[in-house]
Amino acid sequence: MARPIFPNIPWSALPDRADGPRVLGINPWITDFAAFNVWSRPAGLLACLDMLRNAGASVALLDCLDPTWEPAPELGLKWPKSGKYGTGHYHKEEIAPPAPLAFMDRRYSRYGLPRERIVEALAALDPAPDAVMVTTVMTYWYPGALDILDICAELWPDTPRFLGGTYATLCGEHAARHADAHLQQGPLEDPANWAKFCELINFDINQPSGNAGLSLSLDLYADPAFSIILGSRGCPFACEYCASRALYPRFRQGTPEAVMETVRSEHGRGVRDFAFYDDALLVNPDRWLWPVLDEIAGAGLDIRLHTPNAMHVRHLTPEVCGRLKAAGLTTVRLGLETTDFDHRHDVKLTREQWEAGARNLLDAGFDLDDIGVYILFGLPGQDLGNVEQAVRHVRSFGFRPHLAHYTPIPGSPMFQAACEASPYPLADEPLFQNNSIWPCVPGGFNWEDARRWKMLMHGE
């Protein structure tokens with residue numbers, strides 16, 4: 001499906017159920033010191049739009065982090081070329097950092113479609129929306145969301161506006177003070193959230209059921225370079241640095257039939273790269289993952305699978321690695337965290353389990369260049385010498401180490417310790433939760449140490 005011509009934002013409705021309200025979903029810009037597209041999609045927003053369309057609403061999507069329209073260089077709509085698996089750089093514009101971050105010796109940018117084009121496209125939207133839903137992926141990216149909300153308020157002052165996602169859910173008091181919108185905290189399919197939303201837009205419809213929350217309106221992306229697979233929501237674990245349970249309190253898995261319907265539909269549109277969005281991909285794999293992988297392998301679909309969310313190494317048995325390889329897993333990301341196995345902040349992993357999982361991947365035929373290992377950096381009170389040790393340990397296997405810079409997340413068990421370790425008021429201002437400033441590292445970010453870590457990651 002070809003992309004629309006600027007400034008068109010198409011509405012979508014089910015053929016026999018288009019009598020409901022028009023709901024516009026917006027994924028705002030990223031405002032940060034750095035950003036890179038690693039199969040990024042606003043899964044929560046796409047789930048909301050899917051269940052609303054199934055309920056009879058007309059929906060539209062404006063994702064500021066997607067090319068969206070046919071290339072038009074004269075309008076600034078020329079997107080950077082994607083990499084071989086669909087990842088790549090965003091279009092960006094350097095802007096002044098927010099006042100709390102003005103001390104940083106780094107360039108600050110707005111990543112995504114040009115702001116003036118977004119304003120033009122929203123102004124041209126016809127018919128106008130009956131409701132606007134804006135999501136937030138990271139707490140400290142909220143300036144982009146507030147900007148979008150202000151634009152919508154100026155264009156459609158009487159239209160209900162809703163702010164959801166990570167910032168709205170985990171930083172509710174801050175969002176209530178600064179956002180000109182109703183807050184949607186937690187999943188829309190939650191009965192209280194659904195009832196409140198429908199009341200505010202005068203939409204009389206029953207509570208969504210079935211696959212609500214797991215089914216995504218991925219078809220709203222025209223000519224996508226990649227797609228995502230969501231077989232579960234939430235996580236059964238409670239790692240100290242993670243706020244998954246605060247965002248989605250229960251662990252819920254879908255059906256293989258629903259997942260394969262998504263894969264086949266997106267494959268039919270020409271998509272060949274799929275990223276798993278599950279937090280616990282290898283938990284209860286008989287429930288949906290094995291049937292899906294077996295069907296992909298059996299059908300001979302020419303697709304590549306990627307795991308940007310780290311897989312749990314202790315589940316990587318020879319059988320698991322073989323099935324993943326046979327189905328087309330290409331980009332492998334593992335969660336090691338640290339090689340100090342006696343003092344971990346996540347699910348217990350022994351040295352023996354780590355080394356066995358690593359060997360099993362290699363025995364299954366995975367390419368070393370496609371295996372990356374996440375090592376946590378910047379935890380409150382962390383001995384950075386242990387981080388160096390972990391980097392060298394990972395490189396000894398031939399794998400690529402990746403520093404996973406710690407983000408202090410409200411709602412995570414470790415957040416109070418982060419507040420005590422950081423010189424910044426993390427609980428009062430989400431901008432200070434940005435991992436680019438190294439908020440819990442003594443002395444914070446500096447270029448000399450950043451260059452030293454970069455050289456260490458490359459074995460120099």
# chains A, B, ... in the order shown; residues from 1 in each chain; ligands from 1

call {"tool": "select_by_dssp", "arguments": {"residues": "range 394-449 of chain A", "states": "strand (DSSP E or B)", "output": "number ranges by chain"}}
result
A: 400-405

call {"tool": "closest_atom_pairs", "arguments": {"of": "range 400-445 of chain A", "to": "range 242-259 of chain A", "cutoff": "9 Å", "atoms": "only C-alpha atoms", "output": "CSV"}}
result
residue,atom,partner,partner_atom,distance
A:Thr407,CA,A:Cys242,CA,9.0
A:Pro408,CA,A:Cys242,CA,8.8
A:Ile409,CA,A:Ala243,CA,6.4
A:Pro410,CA,A:Ala243,CA,7.1
A:Gly411,CA,A:Ala243,CA,5.4
A:Ser412,CA,A:Ala243,CA,4.3
A:Pro413,CA,A:Cys242,CA,7.4
A:Met414,CA,A:Cys242,CA,8.0

call {"tool": "atom_distance", "arguments": {"atom1": "CA of Asn360 in chain A", "atom2": "CA of Leu316 in chain A"}}
result
6.9 Å

call {"tool": "residues_around", "arguments": {"residues": "Ala123 in chain A", "least_positions_apart": "2", "cutoff": "12 Å", "atoms": "only C-alpha atoms", "output": "ChimeraX atom specification"}}
result
/A:7-9,116-121,125-129,151-156

call {"tool": "write_last_selection", "arguments": {"atoms": "C-alpha atoms", "output": "PDB file, in the first residue's frame"}}
result
ATOM      1  CA  PRO A   7      -1.034  16.283   4.041  1.00  0.00           C
ATOM      2  CA  ASN A   8      -3.607  13.462   3.876  1.00  0.00           C
ATOM      3  CA  ILE A   9      -4.254  11.456   7.056  1.00  0.00           C
ATOM      4  CA  GLU A 116       5.433  22.666  10.677  1.00  0.00           C
ATOM      5  CA  ARG A 117       4.296  19.759   8.483  1.00  0.00           C
ATOM      6  CA  ILE A 118       2.561  18.088  11.406  1.00  0.00           C
ATOM      7  CA  VAL A 119       0.654  21.316  12.093  1.00  0.00           C
ATOM      8  CA  GLU A 120      -0.335  21.584   8.422  1.00  0.00           C
ATOM      9  CA  ALA A 121      -1.504  17.982   8.277  1.00  0.00           C
ATOM     10  CA  LEU A 125      -7.645  16.704   8.608  1.00  0.00           C
ATOM     11  CA  ASP A 126     -11.181  16.345   7.260  1.00  0.00           C
ATOM     12  CA  PRO A 127     -13.457  15.463   8.872  1.00  0.00           C
ATOM     13  CA  ALA A 128     -12.095  16.667  12.185  1.00  0.00           C
ATOM     14  CA  PRO A 129     -11.706  14.151  15.030  1.00  0.00           C
ATOM     15  CA  ILE A 151      -1.506  22.089  18.752  1.00  0.00           C
ATOM     16  CA  CYS A 152      -4.676  19.983  18.950  1.00  0.00           C
ATOM     17  CA  ALA A 153      -6.196  22.300  21.550  1.00  0.00           C
ATOM     18  CA  GLU A 154      -5.669  25.277  19.250  1.00  0.00           C
ATOM     19  CA  LEU A 155      -7.145  23.472  16.236  1.00  0.00           C
ATOM     20  CA  TRP A 156     -10.066  21.771  17.987  1.00  0.00           C
TER      21      TRP A 156
END

call {"tool": "residues_around", "arguments": {"residues": "range 12-27 of chain A", "least_positions_apart": "2", "cutoff": "8 Å", "atoms": "only C-alpha atoms", "output": "MDAnalysis selection string"}}
result
chainID A and resid 10 29 42 45 49 53:65 128:136 145 201 203 220

call {"tool": "write_last_selection", "arguments": {"atoms": "N, CA, C and O atoms", "output": "CSV table (one decimal), in the first residue's frame"}}
result
chain,number,residue,atom,x,y,z
A,10,PRO,N,-5.5,9.4,6.4
A,10,PRO,CA,-6.7,8.7,6.1
A,10,PRO,C,-7.4,8.2,7.3
A,10,PRO,O,-6.8,7.7,8.3
A,29,TRP,N,6.7,13.4,18.7
A,29,TRP,CA,8.1,13.4,18.5
A,29,TRP,C,8.9,12.9,19.8
A,29,TRP,O,8.4,12.9,20.9
A,42,PRO,N,4.4,2.4,18.6
A,42,PRO,CA,3.6,2.7,19.9
A,42,PRO,C,2.6,1.6,20.1
A,42,PRO,O,1.4,1.8,19.8
A,45,LEU,N,-0.8,2.4,22.0
A,45,LEU,CA,-1.7,3.3,21.2
A,45,LEU,C,-2.4,2.5,20.1
A,45,LEU,O,-3.6,2.6,19.8
A,49,LEU,N,-6.4,1.9,19.3
A,49,LEU,CA,-7.1,2.2,18.1
A,49,LEU,C,-7.7,1.0,17.5
A,49,LEU,O,-8.8,1.0,16.9
A,53,ARG,N,-11.7,0.7,16.8
A,53,ARG,CA,-12.3,0.5,15.5
A,53,ARG,C,-13.2,-0.7,15.5
A,53,ARG,O,-14.2,-0.7,14.9
A,54,ASN,N,-12.8,-1.8,16.3
A,54,ASN,CA,-13.7,-3.0,16.4
A,54,ASN,C,-15.0,-2.6,17.1
A,54,ASN,O,-16.0,-3.3,16.8
A,55,ALA,N,-15.0,-1.6,17.9
A,55,ALA,CA,-16.2,-1.2,18.6
A,55,ALA,C,-17.1,-0.3,17.7
A,55,ALA,O,-18.2,0.0,18.2
A,56,GLY,N,-16.6,0.1,16.6
A,56,GLY,CA,-17.4,0.9,15.7
A,56,GLY,C,-16.9,2.3,15.4
A,56,GLY,O,-17.6,3.1,14.7
A,57,ALA,N,-15.8,2.7,15.9
A,57,ALA,CA,-15.2,4.0,15.7
A,57,ALA,C,-14.5,4.0,14.4
A,57,ALA,O,-14.0,3.0,13.9
A,58,SER,N,-14.3,5.2,13.8
A,58,SER,CA,-13.4,5.4,12.7
A,58,SER,C,-12.1,5.9,13.4
A,58,SER,O,-12.1,6.8,14.3
A,59,VAL,N,-11.0,5.4,12.9
A,59,VAL,CA,-9.7,5.8,13.6
A,59,VAL,C,-8.7,6.3,12.5
A,59,VAL,O,-8.8,5.9,11.3
A,60,ALA,N,-7.7,7.1,13.0
A,60,ALA,CA,-6.6,7.5,12.1
A,60,ALA,C,-5.4,7.6,13.0
A,60,ALA,O,-5.5,7.8,14.2
A,61,LEU,N,-4.3,7.5,12.4
A,61,LEU,CA,-3.0,7.5,13.1
A,61,LEU,C,-2.0,8.5,12.5
A,61,LEU,O,-1.9,8.5,11.3
A,62,LEU,N,-1.5,9.3,13.3
A,62,LEU,CA,-0.4,10.2,12.9
A,62,LEU,C,0.8,9.8,13.8
A,62,LEU,O,0.9,10.2,15.0
A,63,ASP,N,1.8,9.1,13.3
A,63,ASP,CA,3.0,8.7,14.0
A,63,ASP,C,4.1,9.7,13.5
A,63,ASP,O,4.6,9.6,12.4
A,64,CYS,N,4.5,10.6,14.4
A,64,CYS,CA,5.6,11.5,14.1
A,64,CYS,C,6.9,10.9,13.9
A,64,CYS,O,7.8,11.5,13.4
A,65,LEU,N,7.0,9.6,14.2
A,65,LEU,CA,8.3,8.9,14.1
A,65,LEU,C,8.3,8.0,12.9
A,65,LEU,O,9.2,7.1,12.8
A,128,ALA,N,-12.9,16.5,11.0
A,128,ALA,CA,-12.1,16.7,12.2
A,128,ALA,C,-12.4,15.5,13.2
A,128,ALA,O,-13.5,14.9,13.1
A,129,PRO,N,-11.5,15.2,14.1
A,129,PRO,CA,-11.7,14.2,15.0
A,129,PRO,C,-12.7,14.5,16.1
A,129,PRO,O,-12.9,15.7,16.4
A,130,ASP,N,-13.3,13.5,16.7
A,130,ASP,CA,-14.2,13.6,17.8
A,130,ASP,C,-13.5,13.4,19.1
A,130,ASP,O,-13.9,13.8,20.2
A,131,ALA,N,-12.3,12.9,19.0
A,131,ALA,CA,-11.4,12.6,20.2
A,131,ALA,C,-10.0,12.5,19.7
A,131,ALA,O,-9.7,12.0,18.6
A,132,VAL,N,-9.0,12.9,20.5
A,132,VAL,CA,-7.6,12.7,20.2
A,132,VAL,C,-6.9,12.0,21.3
A,132,VAL,O,-7.1,12.3,22.5
A,133,MET,N,-6.2,10.9,20.9
A,133,MET,CA,-5.4,10.1,21.9
A,133,MET,C,-3.9,10.3,21.6
A,133,MET,O,-3.4,10.1,20.5
A,134,VAL,N,-3.2,10.8,22.6
A,134,VAL,CA,-1.7,11.0,22.5
A,134,VAL,C,-1.0,10.0,23.4
A,134,VAL,O,-1.4,10.0,24.6
A,135,THR,N,0.0,9.4,23.0
A,135,THR,CA,0.7,8.4,23.8
A,135,THR,C,2.1,9.0,24.2
A,135,THR,O,2.5,10.0,23.7
A,136,THR,N,2.7,8.4,25.2
A,136,THR,CA,4.1,8.7,25.6
A,136,THR,C,4.8,7.4,25.8
A,136,THR,O,4.4,6.6,26.6
A,145,ALA,N,4.9,15.4,23.7
A,145,ALA,CA,3.4,15.1,23.9
A,145,ALA,C,2.7,16.4,24.2
A,145,ALA,O,1.6,16.6,23.7
A,201,ILE,N,-16.5,10.8,25.5
A,201,ILE,CA,-16.7,11.0,24.0
A,201,ILE,C,-18.2,10.6,23.6
A,201,ILE,O,-18.5,10.6,22.4
A,203,PHE,N,-19.8,7.8,23.7
A,203,PHE,CA,-19.7,6.6,22.9
A,203,PHE,C,-20.3,5.4,23.7
A,203,PHE,O,-19.7,4.9,24.7
A,220,LEU,N,-2.6,0.6,9.8
A,220,LEU,CA,-2.6,2.0,9.7
A,220,LEU,C,-1.3,2.6,9.2
A,220,LEU,O,-1.2,3.8,8.8

call {"tool": "select_by_dssp", "arguments": {"residues": "range 18-235 of chain A", "states": "helix (DSSP H, G or I)", "output": "NGL selection string"}}
result
:A and (43-54 or 73-75 or 99-101 or 115-124 or 139-155 or 166-170 or 172-178 or 191-200 or 218-220)

call {"tool": "closest_atom_pairs", "arguments": {"of": "range 57-129 of chain A", "to": "range 289-309 of chain A", "cutoff": "12 Å", "atoms": "only C-alpha atoms", "output": "CSV"}}
result
residue,atom,partner,partner_atom,distance
A:Lys84,CA,A:Arg304,CA,10.7
A:Tyr85,CA,A:Arg304,CA,8.0
A:Gly86,CA,A:Arg304,CA,10.4
A:Thr87,CA,A:His306,CA,10.9

call {"tool": "residues_around", "arguments": {"residues": "Asp278 in chain A", "least_positions_apart": "5", "cutoff": "8 Å", "atoms": "only C-alpha atoms", "output": "list in words"}}
result
Ile229, Leu230, Gly231, Ser232, Arg233, Gly234 and Asn309 of chain A

call {"tool": "write_last_selection", "arguments": {"atoms": "all heavy atoms", "output": "short mmCIF file (atom, residue, chain, number, x, y, z; two decimals), in the first residue's frame"}}
result
data_model
loop_
_atom_site.label_atom_id
_atom_site.label_comp_id
_atom_site.auth_asym_id
_atom_site.auth_seq_id
_atom_site.Cartn_x
_atom_site.Cartn_y
_atom_site.Cartn_z
N ILE A 229 5.51 -8.00 16.47
CA ILE A 229 4.70 -9.13 16.94
C ILE A 229 4.52 -8.96 18.44
O ILE A 229 5.49 -8.80 19.18
CB ILE A 229 5.39 -10.47 16.64
CG1 ILE A 229 5.54 -10.67 15.13
CG2 ILE A 229 4.61 -11.63 17.25
CD1 ILE A 229 6.37 -11.89 14.76
N LEU A 230 3.28 -9.02 18.88
CA LEU A 230 2.97 -8.90 20.31
C LEU A 230 2.16 -10.12 20.72
O LEU A 230 0.96 -10.19 20.46
CB LEU A 230 2.18 -7.61 20.58
CG LEU A 230 1.88 -7.31 22.05
CD1 LEU A 230 3.16 -6.99 22.81
CD2 LEU A 230 0.91 -6.13 22.16
N GLY A 231 2.82 -11.08 21.33
CA GLY A 231 2.14 -12.29 21.77
C GLY A 231 1.73 -12.26 23.22
O GLY A 231 1.00 -13.14 23.69
N SER A 232 2.20 -11.24 23.96
CA SER A 232 1.87 -11.16 25.39
C SER A 232 1.98 -9.72 25.85
O SER A 232 2.63 -8.89 25.20
CB SER A 232 2.80 -12.05 26.22
OG SER A 232 4.15 -11.63 26.08
N ARG A 233 1.35 -9.43 26.95
CA ARG A 233 1.47 -8.12 27.62
C ARG A 233 1.87 -8.37 29.06
O ARG A 233 1.47 -9.34 29.69
CB ARG A 233 0.13 -7.35 27.59
CG ARG A 233 -0.34 -6.90 26.24
CD ARG A 233 0.40 -5.71 25.68
NE ARG A 233 0.18 -4.49 26.43
CZ ARG A 233 -0.87 -3.68 26.25
NH1 ARG A 233 -1.83 -4.01 25.40
NH2 ARG A 233 -0.97 -2.56 26.95
N GLY A 234 2.66 -7.44 29.60
CA GLY A 234 3.09 -7.57 30.98
C GLY A 234 4.25 -8.54 31.11
O GLY A 234 4.81 -9.02 30.12
N ASN A 309 13.87 -6.60 22.72
CA ASN A 309 13.74 -6.81 24.16
C ASN A 309 14.51 -8.07 24.52
O ASN A 309 14.26 -9.14 23.96
CB ASN A 309 12.27 -6.97 24.56
CG ASN A 309 11.49 -5.68 24.38
OD1 ASN A 309 12.07 -4.62 24.18
ND2 ASN A 309 10.17 -5.77 24.44
#

call {"tool": "decode", "arguments": {"residues": "range 354-365 of chain A", "atoms": "all heavy atoms", "output": "compact mmCIF listing (two decimals), in the first residue's frame"}}
result
# COMPACT_ATOMS: atom_id res chain seq x y z
N TRP A 354 24.23 -18.95 31.98
CA TRP A 354 24.66 -17.99 30.97
C TRP A 354 25.58 -18.65 29.94
O TRP A 354 25.39 -18.51 28.74
CB TRP A 354 25.36 -16.80 31.65
CG TRP A 354 26.37 -16.11 30.77
CD1 TRP A 354 27.73 -16.12 30.89
CD2 TRP A 354 26.09 -15.32 29.60
NE1 TRP A 354 28.32 -15.40 29.89
CE2 TRP A 354 27.34 -14.89 29.08
CE3 TRP A 354 24.92 -14.93 28.95
CZ2 TRP A 354 27.44 -14.10 27.94
CZ3 TRP A 354 25.02 -14.15 27.81
CH2 TRP A 354 26.27 -13.73 27.32
N GLU A 355 26.56 -19.38 30.40
CA GLU A 355 27.52 -19.98 29.48
C GLU A 355 26.86 -21.07 28.63
O GLU A 355 27.17 -21.23 27.44
CB GLU A 355 28.71 -20.53 30.26
CG GLU A 355 29.53 -19.42 30.92
CD GLU A 355 30.74 -19.94 31.68
OE1 GLU A 355 30.84 -21.19 31.83
OE2 GLU A 355 31.57 -19.12 32.14
N ALA A 356 25.92 -21.81 29.22
CA ALA A 356 25.21 -22.85 28.45
C ALA A 356 24.35 -22.20 27.37
O ALA A 356 24.32 -22.67 26.22
CB ALA A 356 24.34 -23.69 29.38
N GLY A 357 23.62 -21.12 27.71
CA GLY A 357 22.80 -20.44 26.73
C GLY A 357 23.62 -19.88 25.58
O GLY A 357 23.23 -19.96 24.41
N ALA A 358 24.78 -19.31 25.91
CA ALA A 358 25.66 -18.77 24.89
C ALA A 358 26.14 -19.87 23.94
O ALA A 358 26.15 -19.71 22.71
CB ALA A 358 26.84 -18.07 25.54
N ARG A 359 26.55 -20.99 24.50
CA ARG A 359 27.02 -22.11 23.67
C ARG A 359 25.89 -22.64 22.78
O ARG A 359 26.11 -22.98 21.61
CB ARG A 359 27.56 -23.24 24.55
CG ARG A 359 28.93 -22.97 25.17
CD ARG A 359 29.52 -24.27 25.71
NE ARG A 359 28.61 -24.92 26.66
CZ ARG A 359 28.60 -24.71 27.97
NH1 ARG A 359 29.44 -23.84 28.49
NH2 ARG A 359 27.76 -25.34 28.75
N ASN A 360 24.69 -22.72 23.34
CA ASN A 360 23.56 -23.26 22.58
C ASN A 360 23.22 -22.39 21.37
O ASN A 360 22.85 -22.90 20.31
CB ASN A 360 22.34 -23.42 23.49
CG ASN A 360 22.54 -24.49 24.55
OD1 ASN A 360 23.36 -25.41 24.38
ND2 ASN A 360 21.82 -24.38 25.65
N LEU A 361 23.35 -21.08 21.52
CA LEU A 361 23.12 -20.19 20.40
C LEU A 361 24.13 -20.43 19.29
O LEU A 361 23.78 -20.51 18.10
CB LEU A 361 23.19 -18.72 20.84
CG LEU A 361 21.98 -18.16 21.60
CD1 LEU A 361 22.32 -16.78 22.16
CD2 LEU A 361 20.76 -18.07 20.69
N LEU A 362 25.37 -20.54 19.67
CA LEU A 362 26.42 -20.76 18.67
C LEU A 362 26.26 -22.13 18.00
O LEU A 362 26.43 -22.26 16.79
CB LEU A 362 27.80 -20.64 19.33
CG LEU A 362 28.14 -19.26 19.91
CD1 LEU A 362 29.50 -19.29 20.59
CD2 LEU A 362 28.11 -18.20 18.81
N ASP A 363 25.92 -23.14 18.79
CA ASP A 363 25.73 -24.48 18.23
C ASP A 363 24.56 -24.51 17.25
O ASP A 363 24.54 -25.34 16.32
CB ASP A 363 25.50 -25.50 19.34
CG ASP A 363 26.75 -25.74 20.18
OD1 ASP A 363 27.86 -25.37 19.72
OD2 ASP A 363 26.62 -26.28 21.30
N ALA A 364 23.56 -23.62 17.48
CA ALA A 364 22.39 -23.58 16.59
C ALA A 364 22.68 -22.86 15.29
O ALA A 364 21.85 -22.86 14.38
CB ALA A 364 21.22 -22.90 17.31
N GLY A 365 23.86 -22.22 15.19
CA GLY A 365 24.25 -21.60 13.93
C GLY A 365 24.03 -20.11 13.84
O GLY A 365 24.10 -19.54 12.74
